[in-house]
$ cat target-v8.cif   # mmCIF, C-alpha atoms
data_data
loop_
_atom_site.label_atom_id
_atom_site.label_comp_id
_atom_site.auth_asym_id
_atom_site.auth_seq_id
_atom_site.Cartn_x
_atom_site.Cartn_y
_atom_site.Cartn_z
CA MET A 1 51.51 4.17 -57.27
CA LYS A 2 52.82 0.78 -56.22
CA LEU A 3 56.02 2.36 -55.03
CA ALA A 4 54.09 4.95 -53.03
CA TYR A 5 52.16 2.14 -51.39
CA ALA A 6 55.39 0.33 -50.62
CA LEU A 7 56.90 3.44 -49.10
CA LEU A 8 53.75 3.91 -47.08
CA LEU A 9 54.29 0.49 -45.61
CA ALA A 10 57.82 1.48 -44.73
CA ALA A 11 56.38 4.32 -42.67
CA LEU A 12 55.41 2.05 -39.85
CA ALA A 13 54.66 3.03 -36.34
CA HIS A 14 56.21 2.19 -33.04
CA HIS A 15 53.07 1.71 -31.05
CA SER A 16 50.16 -0.66 -31.16
CA PHE A 17 47.46 0.38 -33.58
CA ALA A 18 45.36 -2.62 -32.62
CA ALA A 19 45.20 -1.62 -28.98
CA GLU A 20 44.71 2.06 -29.49
CA PHE A 21 42.35 2.32 -32.46
CA ASP A 22 39.30 0.38 -33.55
CA GLY A 23 40.20 -1.24 -36.87
CA THR A 24 36.64 -2.47 -37.28
CA LYS A 25 35.22 1.05 -37.33
CA PRO A 26 36.55 3.03 -40.29
CA LEU A 27 35.54 6.65 -40.45
CA THR A 28 35.66 9.49 -42.92
CA LEU A 29 36.09 13.04 -41.68
CA LYS A 30 35.81 16.17 -43.76
CA GLY A 31 37.09 19.31 -42.17
CA VAL A 32 39.37 22.31 -42.09
CA VAL A 33 42.99 22.08 -40.92
CA THR A 34 43.64 24.20 -37.81
CA LYS A 35 47.11 23.00 -36.79
CA VAL A 36 49.92 20.85 -38.16
CA GLU A 37 52.48 19.10 -35.96
CA TRP A 38 55.12 17.78 -38.38
CA GLN A 39 57.21 16.06 -35.74
CA SER A 40 58.51 12.60 -34.84
CA PRO A 41 57.47 9.99 -34.16
CA HIS A 42 54.19 10.75 -36.01
CA ILE A 43 52.62 13.80 -37.55
CA TRP A 44 49.38 15.05 -36.01
CA ILE A 45 46.89 17.15 -37.90
CA TYR A 46 44.13 19.03 -36.10
CA VAL A 47 40.90 19.45 -37.99
CA ASP A 48 37.60 21.23 -37.31
CA VAL A 49 34.80 19.02 -38.56
CA LYS A 50 31.37 20.45 -39.26
CA GLU A 51 28.61 18.12 -38.09
CA ALA A 52 25.27 17.73 -39.89
CA ASP A 53 23.66 20.09 -37.38
CA GLY A 54 26.27 22.77 -38.05
CA LYS A 55 28.16 22.16 -34.83
CA ILE A 56 31.97 22.24 -35.12
CA THR A 57 33.86 19.35 -33.51
CA PRO A 58 37.65 19.53 -33.23
CA TRP A 59 39.45 16.28 -34.13
CA GLN A 60 43.11 15.26 -33.88
CA CYS A 61 44.44 12.69 -36.30
CA GLU A 62 47.72 10.82 -36.30
CA GLY A 63 49.61 10.15 -39.51
CA GLY A 64 52.91 8.69 -40.61
CA ALA A 65 56.43 9.49 -39.52
CA PRO A 66 57.90 12.73 -40.91
CA ASN A 67 61.03 10.98 -42.20
CA ALA A 68 59.02 8.47 -44.22
CA LEU A 69 56.54 11.09 -45.47
CA THR A 70 59.43 13.34 -46.53
CA ARG A 71 60.87 10.47 -48.59
CA GLN A 72 57.49 10.29 -50.34
CA GLY A 73 57.77 13.98 -51.21
CA TRP A 74 55.41 15.48 -48.64
CA THR A 75 56.23 18.44 -46.39
CA ARG A 76 54.57 20.37 -43.60
CA GLN A 77 53.38 22.81 -46.27
CA THR A 78 51.39 19.98 -47.87
CA PHE A 79 48.75 20.84 -45.28
CA THR A 80 47.64 24.47 -45.33
CA ILE A 81 45.98 25.99 -42.28
CA GLY A 82 42.39 26.66 -43.24
CA GLY A 83 42.60 24.16 -46.11
CA GLU A 84 40.06 21.40 -46.52
CA VAL A 85 40.98 17.76 -45.99
CA THR A 86 39.07 14.52 -46.12
CA ILE A 87 40.50 11.94 -43.80
CA GLU A 88 39.95 8.22 -43.99
CA GLY A 89 40.96 6.41 -40.86
CA TRP A 90 39.89 4.85 -37.62
CA GLN A 91 38.69 6.34 -34.33
CA ALA A 92 40.48 5.81 -31.03
CA LYS A 93 38.98 3.13 -28.83
CA ASP A 94 38.83 5.55 -25.91
CA GLY A 95 36.02 7.43 -27.64
CA THR A 96 37.83 10.76 -27.84
CA HIS A 97 37.85 12.67 -31.12
CA THR A 98 41.19 11.13 -31.99
CA CYS A 99 41.85 9.19 -35.15
CA ASN A 100 44.55 7.28 -36.95
CA ALA A 101 44.57 8.40 -40.56
CA LYS A 102 44.96 5.98 -43.45
CA SER A 103 44.97 8.80 -45.99
CA TRP A 104 44.40 12.51 -46.31
CA ALA A 105 42.72 13.83 -49.47
CA LEU A 106 43.60 17.47 -50.09
CA ALA A 107 41.30 20.01 -51.73
CA ASP A 108 43.38 19.88 -54.92
CA GLY A 109 42.81 16.15 -55.22
CA ARG A 110 46.20 14.98 -54.06
CA ARG A 111 46.11 12.11 -51.61
CA VAL A 112 48.67 11.84 -48.85
CA LEU A 113 49.16 8.27 -47.79
CA ALA A 114 49.43 8.64 -44.09
CA GLY A 115 51.62 5.66 -43.32
CA SER A 116 49.43 4.81 -40.40
CA SER A 117 50.35 2.22 -37.84
CA ALA A 118 47.35 0.16 -38.96
CA GLU A 119 49.39 -0.97 -41.93
CA ALA A 120 51.90 -2.56 -39.60
CA ALA A 121 49.36 -5.02 -38.29
CA LYS A 122 48.28 -6.27 -41.70
CA MET B 123 52.00 -10.47 -44.69
CA LYS B 124 51.11 -9.91 -48.31
CA PRO B 125 51.80 -6.15 -48.23
CA LEU B 126 55.25 -6.90 -46.83
CA LEU B 127 56.00 -9.15 -49.78
CA VAL B 128 54.79 -6.42 -52.12
CA LEU B 129 56.99 -3.97 -50.25
CA LEU B 130 60.07 -6.18 -50.56
CA ALA B 131 59.42 -6.89 -54.22
CA VAL B 132 58.82 -3.25 -55.09
CA LEU B 133 61.78 -2.01 -53.08
CA ALA B 134 64.02 -4.62 -54.65
CA GLN B 135 62.79 -3.51 -58.05
CA ALA B 136 63.28 0.18 -57.21
CA THR B 137 66.79 -0.47 -55.98
CA ALA B 138 67.65 -2.52 -59.04
CA LEU B 139 66.35 0.22 -61.31
CA GLN B 140 68.53 2.81 -59.66
CA GLN B 141 71.72 0.86 -59.25
CA PRO B 142 72.58 -2.24 -61.26
CA ASP B 143 73.77 -5.04 -59.01
CA GLY B 144 77.30 -6.37 -59.18
CA PRO B 145 79.98 -7.80 -56.94
CA ALA B 146 80.40 -6.36 -53.46
CA PRO B 147 82.82 -3.42 -53.40
CA ARG B 148 86.01 -3.99 -51.42
CA THR B 149 88.05 -1.85 -49.07
CA ALA B 150 91.76 -1.20 -49.54
CA ASP B 151 92.52 -4.08 -47.16
CA GLY B 152 90.51 -6.46 -49.34
CA LYS B 153 87.39 -6.97 -47.22
CA ALA B 154 83.88 -6.80 -48.64
CA ASP B 155 82.80 -3.25 -47.76
CA LEU B 156 79.60 -2.94 -45.74
CA SER B 157 79.63 0.85 -46.13
CA GLY B 158 76.49 2.46 -47.49
CA VAL B 159 72.93 3.45 -46.65
CA TRP B 160 70.80 0.34 -46.25
CA ASN B 161 67.04 0.22 -46.44
CA LYS B 162 66.40 -2.23 -43.68
CA ALA B 163 62.74 -3.08 -43.22
CA LEU B 164 60.77 -3.58 -40.06
CA VAL B 165 60.74 -7.25 -39.09
CA GLN B 166 57.86 -7.63 -36.68
CA ASN B 167 58.21 -11.28 -35.72
CA THR B 168 61.90 -12.14 -35.87
CA GLY B 169 61.41 -15.69 -34.60
CA LYS B 170 58.85 -16.60 -37.26
CA GLN B 171 61.37 -18.60 -39.32
CA VAL B 172 62.04 -20.96 -36.42
CA GLU B 173 58.71 -21.07 -34.57
CA PRO B 174 57.83 -22.57 -32.22
CA LEU B 175 60.63 -21.02 -30.20
CA PRO B 176 62.39 -23.32 -27.71
CA PHE B 177 61.06 -21.63 -24.58
CA THR B 178 62.14 -22.52 -21.09
CA PRO B 179 59.24 -22.29 -18.59
CA GLU B 180 60.58 -18.89 -17.52
CA GLY B 181 60.85 -17.76 -21.14
CA LEU B 182 57.29 -18.77 -21.95
CA LYS B 183 56.05 -16.98 -18.84
CA ALA B 184 57.82 -13.79 -19.96
CA PHE B 185 56.41 -14.15 -23.48
CA ASN B 186 52.86 -14.40 -22.17
CA ASP B 187 53.46 -11.58 -19.69
CA VAL B 188 53.86 -9.16 -22.63
CA TRP B 189 50.11 -8.75 -22.44
CA ASN B 190 50.62 -6.86 -19.16
CA HIS B 191 53.16 -4.36 -20.46
CA ILE B 192 53.51 -1.48 -22.89
CA ASP B 193 56.18 -2.09 -25.52
CA PRO B 194 59.30 -0.27 -24.26
CA THR B 195 59.93 1.36 -27.67
CA SER B 196 56.48 2.97 -27.52
CA ARG B 197 57.77 4.80 -24.46
CA CYS B 198 60.88 5.73 -26.46
CA ILE B 199 63.20 3.29 -24.71
CA LEU B 200 65.92 2.40 -27.23
CA PRO B 201 65.19 -0.87 -29.01
CA GLY B 202 68.54 -2.31 -27.88
CA VAL B 203 70.44 -5.18 -29.45
CA PRO B 204 69.30 -6.98 -31.56
CA ARG B 205 65.98 -5.13 -32.09
CA VAL B 206 67.80 -2.05 -33.39
CA ASN B 207 68.44 -4.11 -36.53
CA THR B 208 64.79 -4.98 -37.10
CA SER B 209 63.27 -1.60 -36.26
CA PRO B 210 62.01 0.43 -39.22
CA TYR B 211 63.87 3.00 -41.32
CA PRO B 212 67.28 3.00 -42.98
CA MET B 213 70.71 2.78 -41.44
CA GLN B 214 74.18 3.75 -42.58
CA ILE B 215 77.25 1.60 -42.14
CA VAL B 216 80.74 3.10 -42.18
CA GLN B 217 83.48 0.49 -42.39
CA LEU B 218 86.96 1.45 -41.24
CA PRO B 219 90.09 -0.71 -40.86
CA ASP B 220 89.74 -1.07 -37.08
CA LYS B 221 86.02 -0.54 -36.53
CA VAL B 222 82.61 -0.58 -38.17
CA ILE B 223 80.16 2.19 -37.31
CA PHE B 224 76.40 1.64 -37.46
CA LEU B 225 74.20 4.75 -37.66
CA TYR B 226 70.51 4.02 -37.32
CA GLU B 227 67.76 6.47 -38.27
CA TYR B 228 65.35 4.88 -35.80
CA MET B 229 65.73 6.81 -32.54
CA HIS B 230 69.20 7.93 -33.57
CA ASN B 231 70.98 4.86 -32.34
CA PHE B 232 74.65 4.44 -33.10
CA ARG B 233 77.08 1.60 -32.47
CA VAL B 234 80.85 1.58 -32.82
CA ILE B 235 81.99 -2.01 -33.30
CA TYR B 236 85.74 -2.38 -32.84
CA THR B 237 87.39 -5.08 -34.92
CA ASP B 238 90.90 -4.57 -33.53
CA GLY B 239 90.97 -7.73 -31.46
CA ARG B 240 89.94 -6.27 -28.14
CA GLY B 241 87.79 -8.33 -25.80
CA HIS B 242 84.59 -7.47 -23.97
CA ARG B 243 84.86 -4.74 -21.36
CA LYS B 244 85.16 -5.73 -17.72
CA ASN B 245 83.02 -4.29 -14.94
CA TRP B 246 80.50 -2.42 -17.06
CA GLU B 247 76.89 -2.18 -16.03
CA PRO B 248 74.42 -3.92 -18.35
CA SER B 249 72.91 -1.58 -20.93
CA LEU B 250 70.28 -1.45 -23.67
CA LEU B 251 72.80 -1.88 -26.50
CA GLY B 252 75.15 -4.00 -24.42
CA ASP B 253 78.83 -4.45 -25.09
CA SER B 254 79.65 -5.38 -28.69
CA ILE B 255 82.93 -6.44 -30.24
CA GLY B 256 83.53 -7.42 -33.84
CA ARG B 257 85.78 -9.72 -35.80
CA TRP B 258 86.05 -10.64 -39.47
CA ASP B 259 85.32 -14.17 -40.61
CA GLY B 260 86.31 -13.88 -44.27
CA ASP B 261 83.85 -11.39 -45.74
CA THR B 262 81.50 -11.64 -42.77
CA LEU B 263 81.54 -9.17 -39.90
CA VAL B 264 80.69 -11.14 -36.76
CA VAL B 265 79.45 -8.98 -33.89
CA ASP B 266 79.33 -10.48 -30.42
CA THR B 267 77.19 -8.70 -27.84
CA VAL B 268 76.85 -9.40 -24.12
CA ASN B 269 76.01 -7.43 -20.99
CA LEU B 270 72.46 -6.54 -22.04
CA THR B 271 69.62 -5.61 -19.70
CA ASP B 272 66.31 -7.47 -19.73
CA ARG B 273 64.43 -4.21 -20.22
CA THR B 274 64.22 -4.41 -24.01
CA TRP B 275 62.14 -6.77 -26.17
CA LEU B 276 63.37 -8.70 -29.18
CA ASP B 277 60.69 -7.44 -31.60
CA ASP B 278 57.16 -6.16 -32.25
CA HIS B 279 55.81 -9.66 -31.64
CA GLY B 280 56.77 -9.30 -28.01
CA ASP B 281 59.47 -11.97 -28.10
CA ARG B 282 61.48 -11.57 -24.93
CA HIS B 283 64.97 -12.06 -23.58
CA SER B 284 66.58 -12.14 -20.18
CA ASP B 285 69.74 -10.45 -18.92
CA ALA B 286 71.60 -13.63 -19.92
CA LEU B 287 71.14 -12.78 -23.60
CA HIS B 288 74.15 -13.22 -25.84
CA VAL B 289 73.64 -12.06 -29.43
CA THR B 290 75.77 -12.98 -32.42
CA GLU B 291 75.16 -10.92 -35.57
CA ARG B 292 76.62 -11.87 -38.92
CA TRP B 293 76.77 -9.15 -41.59
CA ARG B 294 77.94 -10.05 -45.09
CA ARG B 295 77.71 -7.91 -48.21
CA VAL B 296 76.82 -10.56 -50.75
CA SER B 297 76.61 -8.13 -53.67
CA ALA B 298 76.73 -4.41 -54.41
CA ASN B 299 73.03 -4.07 -53.53
CA LYS B 300 72.56 -6.62 -50.78
CA ILE B 301 73.65 -7.53 -47.27
CA HIS B 302 72.77 -10.87 -45.77
CA TYR B 303 72.07 -10.49 -42.06
CA GLU B 304 71.80 -13.19 -39.43
CA GLU B 305 71.22 -13.04 -35.71
CA THR B 306 71.64 -15.81 -33.17
CA ILE B 307 69.71 -15.49 -29.92
CA ASP B 308 71.50 -17.36 -27.17
CA ASP B 309 69.66 -16.91 -23.88
CA PRO B 310 69.80 -19.99 -21.64
CA LYS B 311 67.37 -18.48 -19.13
CA PHE B 312 64.56 -18.04 -21.70
CA TYR B 313 65.40 -20.55 -24.46
CA THR B 314 66.57 -24.15 -24.17
CA LYS B 315 68.88 -23.73 -27.17
CA PRO B 316 70.17 -20.86 -29.33
CA TRP B 317 68.11 -19.96 -32.41
CA THR B 318 69.23 -18.24 -35.59
CA VAL B 319 67.24 -16.27 -38.14
CA GLY B 320 68.31 -14.17 -41.10
CA TRP B 321 67.26 -12.21 -44.15
CA ASP B 322 68.59 -9.88 -46.84
CA ILE B 323 68.81 -6.10 -46.46
CA PRO B 324 68.70 -4.09 -49.70
CA LEU B 325 70.84 -1.07 -50.46
CA ALA B 326 68.78 2.13 -50.24
CA PRO B 327 68.02 4.17 -53.37
CA LYS B 328 71.01 6.30 -54.34
CA ASP B 329 69.81 9.66 -52.99
CA TRP B 330 68.72 8.40 -49.57
CA VAL B 331 70.46 9.67 -46.46
CA VAL B 332 69.82 8.86 -42.83
CA MET B 333 67.23 11.29 -41.52
CA GLU B 334 65.83 12.41 -38.18
CA TYR B 335 63.49 10.15 -36.28
CA ALA B 336 63.38 11.46 -32.75
CA CYS B 337 60.95 9.40 -30.72
CA THR B 338 60.56 11.95 -27.96
CA ASP B 339 59.88 15.02 -30.09
CA ASN B 340 56.09 14.76 -30.03
CA ASN B 341 55.07 11.35 -28.76
CA LYS B 342 51.42 12.25 -28.22
CA ASP B 343 50.43 8.61 -27.92
CA LEU B 344 52.56 8.50 -24.80
CA TYR B 345 51.83 12.00 -23.48
CA ASP B 346 48.06 11.69 -23.90
CA GLY B 347 47.90 8.24 -22.35
CA HIS B 348 46.80 6.38 -25.50
CA LEU B 349 49.38 3.59 -25.21
CA GLN B 350 48.10 0.16 -24.30
CA ASN B 351 49.65 -3.09 -23.16
CA GLY B 352 50.59 -5.85 -25.54
CA PRO B 353 52.78 -6.54 -28.55
CA LEU B 354 52.83 -4.04 -31.41
CA ASP B 355 51.83 -6.61 -34.01
CA GLY B 356 48.57 -7.24 -32.19
CA SER B 357 49.31 -10.94 -31.70
CA LEU B 358 47.44 -12.71 -28.95
CA ARG B 359 48.73 -14.63 -25.96
CA ASP B 360 46.26 -17.49 -26.16
CA GLY B 361 48.80 -20.06 -27.30
CA THR B 362 48.49 -19.21 -30.97
CA ALA B 363 51.23 -16.58 -30.96
CA ILE B 364 54.02 -19.06 -30.36
CA GLY B 365 53.73 -21.02 -33.61
CA GLN B 366 51.99 -21.38 -36.91
CA PRO B 367 49.57 -20.31 -38.16
CA ALA B 368 50.01 -16.62 -37.45
CA PRO B 369 47.72 -15.40 -34.67
CA PRO B 370 44.51 -13.61 -35.61
CA ARG B 371 44.41 -9.85 -35.36
CA ARG B 372 42.60 -8.38 -32.40
#

$ encode --input "target-v8.cif" --output "structure tokens"
Amino acid sequence: MKLAYALLLAALAHHSFAAEFDGTKPLTLKGVVTKVEWQSPHIWIYVDVKEADGKITPWQCEGGAPNALTRQGWTRQTFTIGGEVTIEGWQAKDGTHTCNAKSWALADGRRVLAGSSAEAAK
Amino acid sequence: MKPLLVLLAVLAQATALQQPDGPAPRTADGKADLSGVWNKALVQNTGKQVEPLPFTPEGLKAFNDVWNHIDPTSRCILPGVPRVNTSPYPMQIVQLPDKVIFLYEYMHNFRVIYTDGRGHRKNWEPSLLGDSIGRWDGDTLVVDTVNLTDRTWLDDHGDRHSDALHVTERWRRVSANKIHYEETIDDPKFYTKPWTVGWDIPLAPKDWVVMEYACTDNNKDLYDGHLQNGPLDGSLRDGTAIGQPAPPRR
């Protein structure tokens, strides 16, 4: 676990988390994966989130770099289209439904450490 | 910085577990061999060891002006020399009798450093990686780089340099599992005197190879207009970012 955390920290970003995302406002999103972009410099996962009133809101969340995630043993197939994920992260300051993910919990209980750029600022 | 210390400790431990340390391997011509895949870590504030930096008025102005610019690497501009050495992700070194080749995972940079006694090139335009030549000082590869543009930054802290920058890197394999790296920043326009910092770089775990990290493949932060001005480490430009203690996070 410690090693995974260390490798997560090695998956640092190349843009400013502090400027782009609000580190004071953590959020948790539960939704269904609609699209996976497993590309450099960061993966993006698109998720449909069901609101309390039943309304579906599409979100896009940024994760770690594919090279670093691959070294941790994750692949594009880790995320299945239509599969449930619970994302812990931070919302973009611009108010759009964009987030920077700290971790992704999969339906089978596995937790992908996202290697978010927030870790770089700590 | 605590997580970074954890990272270094754990990586050092992981490396040690995989490959017992010993003396540096040597090439046929007797030099300590830098060849291998090295797990260099991101160094966000390269000048931290020698803060406060010896700014000239122009250098301090440029440092504070970072607040008005997006980090060039966020827009996929190559990190340049010396930042290529402090950017994240591993690198591979291939040491040959007349040259040393550096292959960086981060943005697929490569450098071919000739050690055959040639001098700097004449009449070349300044560039992001500049013009580097190498020489051996015992077991240390000394890389001398000039002819750099002022379009790159020194690090995530937003330390700056001018087009007068002259960089001296010193690479020495101190043991089988460790390189000691040093860089000297000599930039009379921005700093009143040269400053030198250094750290160790651990050998990567045995099965690691240099992978793809293509900045322009899907840089949504750039395409969607999310990028903002300022240094990547979130340091402020209120006077606190130029010395100790470390600046507060935004």

$ resolve_selection --input "target-v8.cif" --expression "the PyMOL selection byres ((chain B) within 6 of (chain A))" --output "list in words"
Leu129, Ser196, Tyr335, Ala336, Cys337, Asp339, Asn340, Gln350, Leu354, Asp355 and Gly356 of chain B

$ resolve_selection --input "target-v8.cif" --expression "the PyMOL selection byres ((chain B and resi 224) around 12)" --output "NGL selection string"
:B and (156-160 or 206-207 or 212-218 or 221-223 or 225-228 or 230-236 or 254 or 265 or 293 or 332)

$ residues_near_point --input "target-v8.cif" --point "(41.5, 18.4, -52.6)" --cutoff "12 Å" --atoms "only C-alpha atoms" --output "PyMOL selection string"
chain A and resi 30-32+78-80+83-87+104-112

$ atom_distance --input "target-v8.cif" --atom1 "atom CA of Lys244 of chain B" --atom2 "atom CA of Arg282 of chain B"
25.4 Å

$ atom_distance --input "target-v8.cif" --atom1 "atom CA of Thr338 of chain B" --atom2 "atom CA of Thr96 of chain A"
22.8 Å

$ closest_residue --input "target-v8.cif" --among "B:Tyr211, B:Tyr345, B:Tyr313, B:Trp321" --to "Leu164 of chain B" --atoms "all atoms listed in the file"
B:Tyr211

$ closest_residue --input "target-v8.cif" --among "A:Leu27, A:Leu113, A:Val47, A:Cys99" --to "Gln72 of chain A" --atoms "only C-alpha atoms"
A:Leu113

$ closest_residue --input "target-v8.cif" --among "B:Pro210, B:Gly260, B:Pro248, B:Pro176" --to "Thr274 of chain B" --atoms "all atoms listed in the file"
B:Pro248

$ residues_near_point --input "target-v8.cif" --point "(82.1, -5.5, -30.0)" --cutoff "9 Å" --atoms "all atoms listed in the file" --output "short mmCIF file (atom, residue, chain, number, x, y, z; two decimals) with C-alpha atoms, in the frame of the given file"
data_model
loop_
_atom_site.label_atom_id
_atom_site.label_comp_id
_atom_site.auth_asym_id
_atom_site.auth_seq_id
_atom_site.Cartn_x
_atom_site.Cartn_y
_atom_site.Cartn_z
CA VAL B 234 80.85 1.58 -32.82
CA ILE B 235 81.99 -2.01 -33.30
CA TYR B 236 85.74 -2.38 -32.84
CA THR B 237 87.39 -5.08 -34.92
CA ARG B 240 89.94 -6.27 -28.14
CA GLY B 241 87.79 -8.33 -25.80
CA HIS B 242 84.59 -7.47 -23.97
CA ASP B 253 78.83 -4.45 -25.09
CA SER B 254 79.65 -5.38 -28.69
CA ILE B 255 82.93 -6.44 -30.24
CA GLY B 256 83.53 -7.42 -33.84
CA ARG B 257 85.78 -9.72 -35.80
CA VAL B 264 80.69 -11.14 -36.76
CA VAL B 265 79.45 -8.98 -33.89
CA ASP B 266 79.33 -10.48 -30.42
CA THR B 267 77.19 -8.70 -27.84
CA VAL B 268 76.85 -9.40 -24.12
#

$ atom_distance --input "target-v8.cif" --atom1 "atom CA of Ser284 of chain B" --atom2 "atom CA of Asn186 of chain B"
14.0 Å

$ resolve_selection --input "target-v8.cif" --expression "the PyMOL selection byres ((chain B and resi 299) around 10)" --output "tab-separated table (two decimals) with C-alpha atoms, in the frame of the given file"
chain	number	residue	atom	x	y	z
B	134	ALA	CA	64.02	-4.62	-54.65
B	137	THR	CA	66.79	-0.47	-55.98
B	138	ALA	CA	67.65	-2.52	-59.04
B	141	GLN	CA	71.72	0.86	-59.25
B	142	PRO	CA	72.58	-2.24	-61.26
B	143	ASP	CA	73.77	-5.04	-59.01
B	144	GLY	CA	77.30	-6.37	-59.18
B	145	PRO	CA	79.98	-7.80	-56.94
B	146	ALA	CA	80.40	-6.36	-53.46
B	147	PRO	CA	82.82	-3.42	-53.40
B	158	GLY	CA	76.49	2.46	-47.49
B	160	TRP	CA	70.80	0.34	-46.25
B	295	ARG	CA	77.71	-7.91	-48.21
B	296	VAL	CA	76.82	-10.56	-50.75
B	297	SER	CA	76.61	-8.13	-53.67
B	298	ALA	CA	76.73	-4.41	-54.41
B	300	LYS	CA	72.56	-6.62	-50.78
B	301	ILE	CA	73.65	-7.53	-47.27
B	322	ASP	CA	68.59	-9.88	-46.84
B	323	ILE	CA	68.81	-6.10	-46.46
B	324	PRO	CA	68.70	-4.09	-49.70
B	325	LEU	CA	70.84	-1.07	-50.46
B	326	ALA	CA	68.78	2.13	-50.24
B	327	PRO	CA	68.02	4.17	-53.37

$ closest_residue --input "target-v8.cif" --among "A:Lys35, A:Gly63, A:Ile45, A:Gly54" --to "Gly89 of chain A" --atoms "only C-alpha atoms"
A:Gly63

$ build_atoms --input "target-v8.cif" --residues "segment 286-291 of chain B" --atoms "all heavy atoms" --output "mmCIF file, in the coordinates of the input"
data_model
loop_
_atom_site.group_PDB
_atom_site.id
_atom_site.type_symbol
_atom_site.label_atom_id
_atom_site.label_comp_id
_atom_site.auth_asym_id
_atom_site.auth_seq_id
_atom_site.Cartn_x
_atom_site.Cartn_y
_atom_site.Cartn_z
ATOM 1 N N ALA B 286 70.544 -12.668 -19.514
ATOM 2 C CA ALA B 286 71.600 -13.630 -19.920
ATOM 3 C C ALA B 286 71.785 -13.654 -21.428
ATOM 4 O O ALA B 286 72.554 -14.471 -21.945
ATOM 5 C CB ALA B 286 71.230 -15.028 -19.420
ATOM 6 N N LEU B 287 71.099 -12.761 -22.127
ATOM 7 C CA LEU B 287 71.140 -12.780 -23.600
ATOM 8 C C LEU B 287 72.547 -12.534 -24.142
ATOM 9 O O LEU B 287 73.245 -11.616 -23.711
ATOM 10 C CB LEU B 287 70.192 -11.704 -24.156
ATOM 11 C CG LEU B 287 70.191 -11.521 -25.678
ATOM 12 C CD1 LEU B 287 69.702 -12.782 -26.385
ATOM 13 C CD2 LEU B 287 69.315 -10.331 -26.074
ATOM 14 N N HIS B 288 72.895 -13.362 -25.092
ATOM 15 C CA HIS B 288 74.150 -13.220 -25.840
ATOM 16 C C HIS B 288 73.761 -13.250 -27.310
ATOM 17 O O HIS B 288 73.155 -14.213 -27.777
ATOM 18 C CB HIS B 288 75.090 -14.381 -25.478
ATOM 19 C CG HIS B 288 76.241 -14.562 -26.414
ATOM 20 N ND1 HIS B 288 76.693 -15.801 -26.812
ATOM 21 C CD2 HIS B 288 77.015 -13.663 -27.054
ATOM 22 C CE1 HIS B 288 77.708 -15.658 -27.642
ATOM 23 N NE2 HIS B 288 77.918 -14.361 -27.816
ATOM 24 N N VAL B 289 74.056 -12.177 -28.027
ATOM 25 C CA VAL B 289 73.640 -12.060 -29.430
ATOM 26 C C VAL B 289 74.862 -12.150 -30.335
ATOM 27 O O VAL B 289 75.886 -11.508 -30.083
ATOM 28 C CB VAL B 289 72.931 -10.712 -29.693
ATOM 29 C CG1 VAL B 289 72.479 -10.619 -31.150
ATOM 30 C CG2 VAL B 289 71.736 -10.541 -28.759
ATOM 31 N N THR B 290 74.741 -12.954 -31.382
ATOM 32 C CA THR B 290 75.770 -12.980 -32.420
ATOM 33 C C THR B 290 75.130 -12.511 -33.727
ATOM 34 O O THR B 290 74.162 -13.109 -34.197
ATOM 35 C CB THR B 290 76.347 -14.392 -32.616
ATOM 36 O OG1 THR B 290 76.771 -14.890 -31.345
ATOM 37 C CG2 THR B 290 77.523 -14.366 -33.582
ATOM 38 N N GLU B 291 75.628 -11.409 -34.265
ATOM 39 C CA GLU B 291 75.160 -10.920 -35.570
ATOM 40 C C GLU B 291 76.199 -11.268 -36.616
ATOM 41 O O GLU B 291 77.401 -11.181 -36.360
ATOM 42 C CB GLU B 291 75.006 -9.392 -35.557
ATOM 43 C CG GLU B 291 73.971 -8.843 -34.611
ATOM 44 C CD GLU B 291 74.370 -7.432 -34.179
ATOM 45 O OE1 GLU B 291 74.305 -6.500 -35.005
ATOM 46 O OE2 GLU B 291 74.772 -7.260 -33.024
#
